[in-house]
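Structure data follow from input.pdb (PDB, C-alpha atoms):
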```pdb
ATOM      1  CA  MET C  23       0.000   0.000   0.000
ATOM      2  CA  LEU C  24       2.783   2.445   0.974
ATOM      3  CA  SER C  25       4.691   1.732  -2.221
ATOM      4  CA  SER C  26       1.662   2.746  -4.265
ATOM      5  CA  LEU C  27       1.644   6.178  -2.551
ATOM      6  CA  TRP C  28       5.251   7.086  -3.449
ATOM      7  CA  PRO C  29       4.368   8.668  -6.822
ATOM      8  CA  LEU C  30       1.805  10.887  -5.114
ATOM      9  CA  LEU C  31       4.272  11.905  -2.399
ATOM     10  CA  LEU C  32       6.912  12.815  -4.997
ATOM     11  CA  VAL C  33       4.420  14.923  -6.940
ATOM     12  CA  ALA C  34       3.401  16.733  -3.758
ATOM     13  CA  ALA C  35       7.038  17.424  -2.841
ATOM     14  CA  ALA C  36       7.700  18.967  -6.252
ATOM     15  CA  ALA C  37       4.529  21.065  -6.329
ATOM     16  CA  PRO C  38       5.011  24.831  -6.779
ATOM     17  CA  ARG C  39       4.742  27.035  -3.714
ATOM     18  CA  PRO C  40       4.782  30.775  -3.047
ATOM     19  CA  PHE C  41       8.143  32.563  -2.876
ATOM     20  CA  THR C  42       8.734  33.519   0.781
ATOM     21  CA  VAL C  43      10.886  36.008   2.640
ATOM     22  CA  HIS C  44      13.048  33.076   3.760
ATOM     23  CA  ASP C  45      13.721  32.218   0.120
ATOM     24  CA  LEU C  46      14.627  35.853  -0.530
ATOM     25  CA  VAL C  47      17.181  36.206   2.261
ATOM     26  CA  GLY C  48      18.619  32.778   1.442
ATOM     27  CA  LEU C  49      19.452  33.597  -2.174
ATOM     28  CA  ASP C  50      23.097  33.879  -3.166
ATOM     29  CA  ARG C  51      23.847  37.405  -4.392
ATOM     30  CA  VAL C  52      26.311  38.015  -7.222
ATOM     31  CA  GLY C  53      27.951  41.407  -7.778
ATOM     32  CA  ALA C  54      30.993  43.574  -8.553
ATOM     33  CA  PRO C  55      32.066  41.928 -11.854
ATOM     34  CA  ALA C  56      35.584  42.825 -13.019
ATOM     35  CA  LEU C  57      36.978  41.677 -16.389
ATOM     36  CA  SER C  58      40.705  40.924 -16.591
ATOM     37  CA  PRO C  59      42.837  43.104 -18.914
ATOM     38  CA  ASP C  60      43.196  40.275 -21.443
ATOM     39  CA  GLY C  61      39.454  39.569 -21.360
ATOM     40  CA  ARG C  62      39.929  35.916 -20.404
ATOM     41  CA  HIS C  63      38.776  35.947 -16.779
ATOM     42  CA  LEU C  64      35.991  37.491 -14.745
ATOM     43  CA  ALA C  65      36.220  38.149 -11.012
ATOM     44  CA  PHE C  66      33.059  38.785  -9.013
ATOM     45  CA  THR C  67      31.635  38.523  -5.508
ATOM     46  CA  VAL C  68      29.155  35.992  -4.143
ATOM     47  CA  SER C  69      27.342  36.775  -0.899
ATOM     48  CA  ARG C  70      25.836  33.810   0.950
ATOM     49  CA  LEU C  71      23.680  33.639   4.058
ATOM     50  CA  ASP C  72      25.174  32.085   7.180
ATOM     51  CA  LEU C  73      21.980  31.469   9.119
ATOM     52  CA  GLU C  74      23.663  30.196  12.285
ATOM     53  CA  ALA C  75      25.928  33.259  12.489
ATOM     54  CA  ASN C  76      23.060  35.575  11.446
ATOM     55  CA  ARG C  77      25.148  37.305   8.787
ATOM     56  CA  ARG C  78      26.076  37.197   5.126
ATOM     57  CA  ARG C  79      29.558  36.161   4.049
ATOM     58  CA  THR C  80      30.998  37.607   0.855
ATOM     59  CA  HIS C  81      33.864  36.006  -1.053
ATOM     60  CA  LEU C  82      35.554  36.433  -4.416
ATOM     61  CA  TRP C  83      34.835  34.010  -7.251
ATOM     62  CA  LEU C  84      36.618  33.542 -10.550
ATOM     63  CA  ALA C  85      35.422  32.314 -13.936
ATOM     64  CA  ARG C  86      36.558  32.296 -17.520
ATOM     65  CA  SER C  87      34.790  34.923 -19.596
ATOM     66  CA  ASP C  88      33.081  32.173 -21.624
ATOM     67  CA  GLY C  89      31.299  31.047 -18.439
ATOM     68  CA  SER C  90      33.454  27.989 -17.757
ATOM     69  CA  GLU C  91      35.562  27.095 -14.713
ATOM     70  CA  VAL C  92      33.404  29.007 -12.221
ATOM     71  CA  ARG C  93      34.991  28.601  -8.796
ATOM     72  CA  PRO C  94      35.432  30.339  -5.422
ATOM     73  CA  TRP C  95      38.705  32.252  -5.126
ATOM     74  CA  THR C  96      38.759  33.397  -1.482
ATOM     75  CA  SER C  97      37.316  31.666   1.565
ATOM     76  CA  HIS C  98      38.561  33.499   4.634
ATOM     77  CA  ALA C  99      36.471  32.957   7.760
ATOM     78  CA  ASP C 100      35.785  36.679   8.171
ATOM     79  CA  GLY C 101      33.812  36.531   4.930
ATOM     80  CA  ALA C 102      34.190  40.194   4.037
ATOM     81  CA  ASP C 103      35.994  40.261   0.684
ATOM     82  CA  SER C 104      34.665  42.761  -1.870
ATOM     83  CA  SER C 105      35.431  45.238  -4.675
ATOM     84  CA  PRO C 106      37.724  43.086  -6.880
ATOM     85  CA  GLN C 107      40.004  44.979  -9.275
ATOM     86  CA  TRP C 108      42.674  43.591 -11.596
ATOM     87  CA  GLY C 109      46.237  44.785 -11.653
ATOM     88  CA  PRO C 110      47.240  46.247 -15.040
ATOM     89  CA  ASP C 111      49.179  43.097 -16.041
ATOM     90  CA  GLY C 112      46.257  40.811 -15.119
ATOM     91  CA  ARG C 113      48.454  38.632 -12.921
ATOM     92  CA  ALA C 114      46.943  39.686  -9.588
ATOM     93  CA  LEU C 115      43.599  40.654  -8.148
ATOM     94  CA  TYR C 116      43.223  43.504  -5.646
ATOM     95  CA  PHE C 117      40.253  43.638  -3.291
ATOM     96  CA  LEU C 118      38.931  45.036  -0.024
ATOM     97  CA  SER C 119      38.850  42.738   2.989
ATOM     98  CA  GLY C 120      38.222  43.025   6.713
ATOM     99  CA  ARG C 121      40.210  39.877   7.483
ATOM    100  CA  GLY C 122      42.910  41.866   9.304
ATOM    101  CA  GLY C 123      40.467  43.584  11.661
ATOM    102  CA  SER C 124      39.804  46.644   9.486
ATOM    103  CA  SER C 125      38.903  47.238   5.850
ATOM    104  CA  GLN C 126      42.153  47.311   3.836
ATOM    105  CA  VAL C 127      43.350  46.602   0.298
ATOM    106  CA  TRP C 128      44.594  43.034  -0.255
ATOM    107  CA  ARG C 129      46.139  41.260  -3.232
ATOM    108  CA  ILE C 130      46.037  37.655  -4.453
ATOM    109  CA  ALA C 131      47.916  36.220  -7.434
ATOM    110  CA  LEU C 132      45.979  34.675 -10.298
ATOM    111  CA  ASP C 133      48.179  31.566 -10.204
ATOM    112  CA  GLY C 134      47.186  30.882  -6.581
ATOM    113  CA  GLY C 135      48.713  31.273  -3.144
ATOM    114  CA  GLU C 136      47.604  33.209  -0.100
ATOM    115  CA  ALA C 137      46.306  36.772  -0.172
ATOM    116  CA  SER C 138      48.580  39.451   1.287
ATOM    117  CA  PRO C 139      47.797  42.958   2.584
ATOM    118  CA  VAL C 140      48.681  45.934   0.396
ATOM    119  CA  THR C 141      47.647  48.636   2.878
ATOM    120  CA  THR C 142      47.867  48.685   6.683
ATOM    121  CA  LEU C 143      46.407  52.128   7.302
ATOM    122  CA  PRO C 144      45.057  53.259  10.691
ATOM    123  CA  LEU C 145      41.654  53.992   9.073
ATOM    124  CA  ASP C 146      39.264  51.803   7.084
ATOM    125  CA  VAL C 147      39.524  51.954   3.295
ATOM    126  CA  GLY C 148      36.074  52.590   1.836
ATOM    127  CA  ALA C 149      36.942  52.374  -1.871
ATOM    128  CA  PHE C 150      40.084  52.196  -4.007
ATOM    129  CA  ARG C 151      41.587  52.126  -7.487
ATOM    130  CA  VAL C 152      44.892  50.827  -8.848
ATOM    131  CA  SER C 153      46.813  53.167 -11.182
ATOM    132  CA  PRO C 154      47.227  52.166 -14.854
ATOM    133  CA  ASP C 155      50.929  51.436 -14.283
ATOM    134  CA  GLY C 156      50.235  49.455 -11.096
ATOM    135  CA  ARG C 157      52.526  51.632  -8.991
ATOM    136  CA  ARG C 158      50.037  53.700  -6.978
ATOM    137  CA  LEU C 159      46.717  53.386  -5.222
ATOM    138  CA  LEU C 160      43.869  55.784  -4.673
ATOM    139  CA  VAL C 161      42.066  55.022  -1.423
ATOM    140  CA  ALA C 162      39.017  56.691   0.127
ATOM    141  CA  LEU C 163      39.379  57.321   3.872
ATOM    142  CA  GLU C 164      37.018  58.973   6.353
ATOM    143  CA  VAL C 165      38.988  61.875   7.870
ATOM    144  CA  PHE C 166      38.355  65.152   9.637
ATOM    145  CA  PRO C 167      38.971  67.805   6.941
ATOM    146  CA  ASP C 168      41.012  70.016   9.277
ATOM    147  CA  CYS C 169      43.388  67.180  10.210
ATOM    148  CA  ALA C 170      46.774  67.272   8.512
ATOM    149  CA  THR C 171      47.566  63.591   9.219
ATOM    150  CA  LEU C 172      45.768  60.277   9.518
ATOM    151  CA  ALA C 173      47.046  60.062  13.089
ATOM    152  CA  CYS C 174      45.143  63.249  13.892
ATOM    153  CA  THR C 175      41.863  61.640  12.796
ATOM    154  CA  SER C 176      42.640  58.435  14.721
ATOM    155  CA  GLU C 177      43.418  60.368  17.898
ATOM    156  CA  ARG C 178      40.265  62.459  17.615
ATOM    157  CA  LEU C 179      38.131  59.351  17.129
ATOM    158  CA  ALA C 180      39.730  57.744  20.194
ATOM    159  CA  ALA C 181      39.023  60.850  22.258
ATOM    160  CA  GLU C 182      35.415  60.892  21.066
ATOM    161  CA  LYS C 183      34.988  57.227  21.991
ATOM    162  CA  ALA C 184      36.380  57.870  25.481
ATOM    163  CA  ARG C 185      34.034  60.804  26.057
ATOM    164  CA  ARG C 186      31.420  60.027  28.719
ATOM    165  CA  SER C 187      28.658  62.149  27.265
ATOM    166  CA  SER C 188      27.003  61.183  23.985
ATOM    167  CA  GLY C 189      25.485  64.514  22.951
ATOM    168  CA  ARG C 190      26.471  66.172  19.696
ATOM    169  CA  LEU C 191      25.738  69.677  18.417
ATOM    170  CA  TYR C 192      24.819  70.217  14.765
ATOM    171  CA  ASP C 193      24.820  73.677  13.216
ATOM    172  CA  ARG C 194      24.193  72.611   9.605
ATOM    173  CA  LEU C 195      22.557  69.873   7.580
ATOM    174  CA  LEU C 196      22.990  67.004   6.873
ATOM    175  CA  VAL C 197      22.913  65.357  10.298
ATOM    176  CA  ARG C 198      22.652  61.791   8.985
ATOM    177  CA  HIS C 199      22.464  59.652   5.860
ATOM    178  CA  TRP C 200      19.838  56.949   6.284
ATOM    179  CA  ASP C 201      21.093  54.993   9.333
ATOM    180  CA  THR C 202      24.471  56.750   9.725
ATOM    181  CA  TRP C 203      24.893  59.886  11.824
ATOM    182  CA  LYS C 204      27.354  62.498  10.585
ATOM    183  CA  ASP C 205      30.337  62.945  12.907
ATOM    184  CA  GLY C 206      32.296  65.645  11.095
ATOM    185  CA  ARG C 207      34.406  63.321   8.963
ATOM    186  CA  ARG C 208      34.571  63.433   5.168
ATOM    187  CA  SER C 209      35.568  60.769   2.670
ATOM    188  CA  HIS C 210      38.765  62.027   1.023
ATOM    189  CA  LEU C 211      40.916  60.449  -1.658
ATOM    190  CA  PHE C 212      44.501  59.646  -0.724
ATOM    191  CA  SER C 213      47.338  58.642  -3.043
ATOM    192  CA  LEU C 214      50.005  56.203  -1.887
ATOM    193  CA  PRO C 215      52.520  53.800  -3.432
ATOM    194  CA  VAL C 216      51.436  50.177  -3.876
ATOM    195  CA  ASP C 217      54.690  48.997  -2.297
ATOM    196  CA  GLY C 218      53.868  50.828   0.937
ATOM    197  CA  GLY C 219      56.672  53.382   0.826
ATOM    198  CA  GLY C 220      55.836  56.999   1.637
ATOM    199  CA  GLU C 221      52.974  58.696   3.428
ATOM    200  CA  PRO C 222      49.456  58.850   1.963
ATOM    201  CA  VAL C 223      48.748  62.224   0.313
ATOM    202  CA  ASP C 224      45.318  63.831   0.806
ATOM    203  CA  LEU C 225      44.286  64.952  -2.701
ATOM    204  CA  MET C 226      41.222  66.800  -1.355
ATOM    205  CA  ARG C 227      42.850  68.760   1.445
ATOM    206  CA  GLY C 228      40.950  71.953   2.140
ATOM    207  CA  LEU C 229      37.675  70.678   0.655
ATOM    208  CA  ASP C 230      34.757  70.039   3.021
ATOM    209  CA  VAL C 231      33.273  67.461   0.629
ATOM    210  CA  ASP C 232      32.999  63.707   0.148
ATOM    211  CA  CYS C 233      34.345  61.451  -2.566
ATOM    212  CA  PRO C 234      32.823  58.974  -3.038
ATOM    213  CA  THR C 235      29.612  60.929  -2.498
ATOM    214  CA  LYS C 236      27.260  59.852   0.283
ATOM    215  CA  PRO C 237      25.488  57.562   0.735
ATOM    216  CA  TRP C 238      25.927  55.252  -2.280
ATOM    217  CA  GLY C 239      28.999  56.411  -4.200
ATOM    218  CA  GLY C 240      31.909  54.091  -4.933
ATOM    219  CA  GLU C 241      35.079  53.765  -6.977
ATOM    220  CA  GLU C 242      33.131  54.632 -10.134
ATOM    221  CA  GLU C 243      33.273  58.264  -8.972
ATOM    222  CA  PHE C 244      37.049  58.681  -9.328
ATOM    223  CA  VAL C 245      39.534  57.727 -12.014
ATOM    224  CA  PHE C 246      43.210  58.068 -12.919
ATOM    225  CA  ALA C 247      43.876  60.290 -15.906
ATOM    226  CA  PRO C 248      45.937  58.645 -18.685
ATOM    227  CA  GLY C 249      49.602  59.088 -17.924
ATOM    228  CA  GLY C 250      48.916  58.939 -14.201
ATOM    229  CA  GLY C 251      49.636  62.595 -13.483
ATOM    230  CA  GLU C 252      46.129  63.593 -12.422
ATOM    231  CA  VAL C 253      42.976  62.234 -10.834
ATOM    232  CA  VAL C 254      39.410  63.199 -11.745
ATOM    233  CA  PHE C 255      36.735  62.770  -9.090
ATOM    234  CA  ALA C 256      33.118  63.672  -8.340
ATOM    235  CA  ALA C 257      32.163  65.735  -5.279
ATOM    236  CA  LYS C 258      29.458  68.135  -4.103
ATOM    237  CA  ASP C 259      30.715  71.480  -2.777
ATOM    238  CA  ALA C 260      27.452  73.225  -1.881
ATOM    239  CA  GLY C 261      28.180  74.612   1.593
ATOM    240  CA  ARG C 262      25.070  75.070   3.731
ATOM    241  CA  GLU C 263      22.862  74.024   0.793
ATOM    242  CA  GLU C 264      24.372  70.541   0.750
ATOM    243  CA  ALA C 265      21.251  68.810   2.114
ATOM    244  CA  TRP C 266      19.015  69.875  -0.781
ATOM    245  CA  SER C 267      21.523  70.501  -3.574
ATOM    246  CA  THR C 268      22.243  67.943  -6.321
ATOM    247  CA  ASN C 269      25.108  69.977  -7.794
ATOM    248  CA  VAL C 270      27.814  67.306  -7.881
ATOM    249  CA  ASP C 271      30.757  68.381 -10.052
ATOM    250  CA  LEU C 272      33.824  66.747 -11.523
ATOM    251  CA  TRP C 273      37.180  67.931 -10.204
ATOM    252  CA  ALA C 274      40.778  67.372 -11.322
ATOM    253  CA  VAL C 275      43.827  67.339  -9.079
ATOM    254  CA  SER C 276      47.497  66.447  -9.315
ATOM    255  CA  LEU C 277      48.267  62.898  -8.186
ATOM    256  CA  ALA C 278      51.106  64.353  -6.133
ATOM    257  CA  GLY C 279      48.648  66.608  -4.302
ATOM    258  CA  LYS C 280      50.257  69.791  -5.667
ATOM    259  CA  GLY C 281      47.817  72.654  -5.962
ATOM    260  CA  ALA C 282      44.122  72.832  -5.119
ATOM    261  CA  PRO C 283      41.587  70.680  -7.012
ATOM    262  CA  ARG C 284      39.979  72.543  -9.907
ATOM    263  CA  ARG C 285      36.320  72.267 -10.850
ATOM    264  CA  LEU C 286      35.716  70.953 -14.386
ATOM    265  CA  THR C 287      31.918  71.092 -14.715
ATOM    266  CA  ALA C 288      30.957  74.359 -13.023
ATOM    267  CA  GLY C 289      28.716  75.200 -15.972
ATOM    268  CA  ASN C 290      26.192  72.495 -15.091
ATOM    269  CA  PRO C 291      24.274  73.214 -11.832
ATOM    270  CA  ALA C 292      22.986  69.615 -11.748
ATOM    271  CA  TRP C 293      24.677  66.246 -11.147
ATOM    272  CA  ASP C 294      27.945  65.262 -12.926
ATOM    273  CA  THR C 295      29.525  61.912 -12.070
ATOM    274  CA  HIS C 296      31.095  58.594 -13.216
ATOM    275  CA  PRO C 297      34.126  59.993 -15.124
ATOM    276  CA  VAL C 298      35.759  57.688 -17.683
ATOM    277  CA  PHE C 299      38.615  58.511 -20.070
ATOM    278  CA  SER C 300      38.692  57.350 -23.688
ATOM    279  CA  PRO C 301      41.428  54.823 -24.553
ATOM    280  CA  ASP C 302      43.574  57.519 -26.188
ATOM    281  CA  GLY C 303      43.187  59.785 -23.146
ATOM    282  CA  LYS C 304      41.952  62.754 -25.178
ATOM    283  CA  THR C 305      38.323  62.697 -24.082
ATOM    284  CA  LEU C 306      36.635  62.553 -20.679
ATOM    285  CA  ALA C 307      33.147  61.018 -20.723
ATOM    286  CA  TYR C 308      30.776  61.214 -17.759
ATOM    287  CA  LEU C 309      27.132  61.005 -16.736
ATOM    288  CA  ALA C 310      25.237  64.256 -16.211
ATOM    289  CA  MET C 311      21.764  65.274 -15.137
ATOM    290  CA  ALA C 312      20.087  68.256 -16.776
ATOM    291  CA  VAL C 313      17.752  69.542 -14.043
ATOM    292  CA  PRO C 314      19.054  70.884 -10.698
ATOM    293  CA  GLY C 315      17.362  69.243  -7.725
ATOM    294  CA  TYR C 316      16.201  66.278  -9.813
ATOM    295  CA  GLU C 317      17.686  62.834  -9.128
ATOM    296  CA  SER C 318      16.033  60.469 -11.619
ATOM    297  CA  ASP C 319      16.963  61.509 -15.171
TER     298      ASP C 319
END
```

Represent the structure of the file as C-alpha cells.
Amino acid sequence: MLSSLWPLLLVAAAAPRPFTVHDLVGLDRVGAPALSPDGRHLAFTVSRLDLEANRRRTHLWLARSDGSEVRPWTSHADGADSSPQWGPDGRALYFLSGRGGSSQVWRIALDGGEASPVTTLPLDVGAFRVSPDGRRLLVALEVFPDCATLACTSERLAAEKARRSSGRLYDRLLVRHWDTWKDGRRSHLFSLPVDGGGEPVDLMRGLDVDCPTKPWGGEEEFVFAPGGGEVVFAAKDAGREEAWSTNVDLWAVSLAGKGAPRRLTAGNPAWDTHPVFSPDGKTLAYLAMAVPGYESD
C-alpha cells in the first residue's frame, strides 16, 4: 500500500509554492564583476547567508569569460571580501577585505597562493583604485577635513569614543544619511605607493566634501587620468545648501597633491559623475543630469 503512494508523495514534494521572505534572504547574491585586462577571466563577488551566524559572508569568485571554470577564489572565515580589481598586467587581483580587523586593500595572485595585505592604514579603506601602471593606489578614507595627518583623525576618534557624554551639536545639515549619523568626517581620496613606501597624500585637502559621495557612491566616482599625473573625481561642494543641492561636479587634481583641485563642470548646476577617459586619453566622458534638484533623469 505504501509503495503505491510514493508517486503521489513525490508529486506533492515537487509542487510549486509561493516565494517567501526566507527564500529571498537565502538567495546567493552576485555582484561587482571585473573583467581581466586580457578579457579571459571574470572576477566577481558571491554573498551567501550564514543562518547560524546571522550574517552574510561575501567572497571572491573567478570564472573564464566564456562562463566555464566558475569557482570560489577566497574563503577566509571573516567573509568580508569585496570590490575586486585587476592589476594592469592581469596577474593579480586587488580587493577590499576586513580579514585583518579593518577594511584594507589586499592582493592575491591569479596563479594561486595566499592573499597578502597591500595597505595597513590606521583607518578603514572605503573604496580604491589601482593606477594604470600598477605603482600607486587611490584610497578613500574617512577623515576630519582640518586634520593634517591620519594620526590626527585616529586620535580624535579615540578621544570621542572615550568621552562620557554622547550629545552632539549640529549647526548645519545634513545630520545623517539613512542609518548613519554624521560625525564631522569626510571621505577624502589619498594617493600612496602600492609597495607601501611613503605617506598617503590627501588629494582633497581643504575641501569640506565627500568622494565617493554619500550615501551610495563608490570607486566609479574617481579615475586616474591617462599618464597617471592627475585624478578626476566627483564631489558636491554646496556649503550650507548641501542637504538639498544635487550639484555634484567633476574635479581634477594632481596625483602628487600639488595645488588645489579645480572644478571641471561648473557650468552644469545639476549632477555630474562617473568619469571615464577614452582609450587615447583625449576625451573625458561622464554622466550628467540636466535639471538641478532632480535625481532620476

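Using the PyMOL selection byres ((chain C and resi 120-133) around 8) on the file at hand returns these residues: His98, Ala99, Asp100, Gly101, Ala102, Asp103, Gly112, Arg113, Ala114, Leu115, Tyr116, Phe117, Leu118, Ser119, Gly134, Gly135, Glu136, Ala137, Ser138, Pro139, Val140, Thr141, Thr142, Leu143, Leu145, Asp146, Val147, Gly148 and Phe150 of chain C.
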
Nearest to His44 in chain C among C:Thr305, C:Ser213, C:Glu221, C:Leu73, with distances taken over only C-alpha atoms: which residue is it?
C:Leu73

Would you place a box with edges along x, y and z of the file around all atoms of range 62-69 of chain C listed there, add 8 Å to each of its six sides, and report the centre and edge lengths in Å to one decimal, as AutoDock Vina command-line options?
```
--center_x 33.6 --center_y 37.4 --center_z -10.7 --size_x 28.6 --size_y 18.9 --size_z 35.5
```

Run the PyMOL selection byres ((chain C and resi 271) around 8) on the file and write out the hits as a PyMOL selection string.
chain C and resi 256-259+269-270+272-273+285-288+290+293-295

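Note on the selection: in this file the PyMOL selection byres ((chain C and resi 247) around 10) comes out as Ser153, Pro154, Phe244, Val245, Phe246, Pro248, Gly249, Gly250, Gly251, Glu252, Val253, Val254, Ala274, Val275, Ser276, Leu277, Pro297, Val298, Phe299, Ser300, Gly303, Lys304 and Leu306 of chain C.
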
Fewer than 2 positions away in the same chain doesn't count, so skip those; otherwise give me all residues within 12 Å of Leu71 in chain C, counting all atoms listed in the file, as a PyMOL selection string.
chain C and resi 44-51+68-69+73-81+101

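Note that CA of Trp238 in chain C and CA of Cys174 in chain C are 26.4 Å apart.
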
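Among the candidates C:Glu263, C:Asp302, C:Glu317, C:Asp224, the residue lying nearest to Ala162 in chain C is C:Asp224 (atoms considered: all atoms listed in the file).
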
Name the residues within 9 Å of (29.9, 64.5, -0.8), counting only C-alpha atoms in the file's coordinates, and put them as JSON, numbers by chain.
{"C": [208, 209, 230, 231, 232, 233, 234, 235, 236, 237, 239, 256, 257, 258, 259, 264, 270]}

With C-alpha atoms retained, write the just-selected residues as a PDB file, in the coordinates of the input.
```
ATOM      1  CA  ARG C 208      34.571  63.433   5.168  1.00  0.00           C
ATOM      2  CA  SER C 209      35.568  60.769   2.670  1.00  0.00           C
ATOM      3  CA  ASP C 230      34.757  70.039   3.021  1.00  0.00           C
ATOM      4  CA  VAL C 231      33.273  67.461   0.629  1.00  0.00           C
ATOM      5  CA  ASP C 232      32.999  63.707   0.148  1.00  0.00           C
ATOM      6  CA  CYS C 233      34.345  61.451  -2.566  1.00  0.00           C
ATOM      7  CA  PRO C 234      32.823  58.974  -3.038  1.00  0.00           C
ATOM      8  CA  THR C 235      29.612  60.929  -2.498  1.00  0.00           C
ATOM      9  CA  LYS C 236      27.260  59.852   0.283  1.00  0.00           C
ATOM     10  CA  PRO C 237      25.488  57.562   0.735  1.00  0.00           C
ATOM     11  CA  GLY C 239      28.999  56.411  -4.200  1.00  0.00           C
ATOM     12  CA  ALA C 256      33.118  63.672  -8.340  1.00  0.00           C
ATOM     13  CA  ALA C 257      32.163  65.735  -5.279  1.00  0.00           C
ATOM     14  CA  LYS C 258      29.458  68.135  -4.103  1.00  0.00           C
ATOM     15  CA  ASP C 259      30.715  71.480  -2.777  1.00  0.00           C
ATOM     16  CA  GLU C 264      24.372  70.541   0.750  1.00  0.00           C
ATOM     17  CA  VAL C 270      27.814  67.306  -7.881  1.00  0.00           C
TER      18      VAL C 270
END
```

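Checking C:Thr42, C:Glu241, C:Ala85, C:Ala312 one by one against Gly289 in chain C, counting all atoms listed in the file, you find the shortest gap at C:Ala312.
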
Neighbour residues at most 10 Å from (40.9, 42.5, -20.7) (all atoms listed in the file) as a PyMOL selection string:
chain C and resi 56-64+87+108+110-112

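Each of C:Ala265, C:Leu214, C:Val152, C:Leu225 was checked against Leu195 in chain C using all atoms listed in the file; the smallest atom-to-atom distance is that of C:Ala265.
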
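Of the listed residues (C:Ala173, C:Ala260, C:Leu211, C:Leu84), C:Leu211 comes nearest to Ala278 in chain C; the distances count all atoms listed in the file.
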
Shell around Thr171 in chain C at 12 Å using all atoms listed in the file, local window under 2 positions removed, as JSON, numbers by chain
{"C": [143, 144, 145, 163, 164, 165, 166, 167, 168, 169, 173, 174, 175, 176, 177, 178, 212, 221, 222, 223, 224, 227]}

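With CA of Gly279 in chain C on one side and CA of Gly156 in chain C on the other, the separation reads 18.5 Å.
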
What does the distance between CA of Trp83 in chain C and CA of Gln107 in chain C come to in Å, to one decimal place?
12.3 Å

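Among the candidate residues C:Leu179, C:Met226, C:Leu82, C:Ala292, the one lying nearest to Gly206 in chain C is C:Leu179, with distances computed using only C-alpha atoms.
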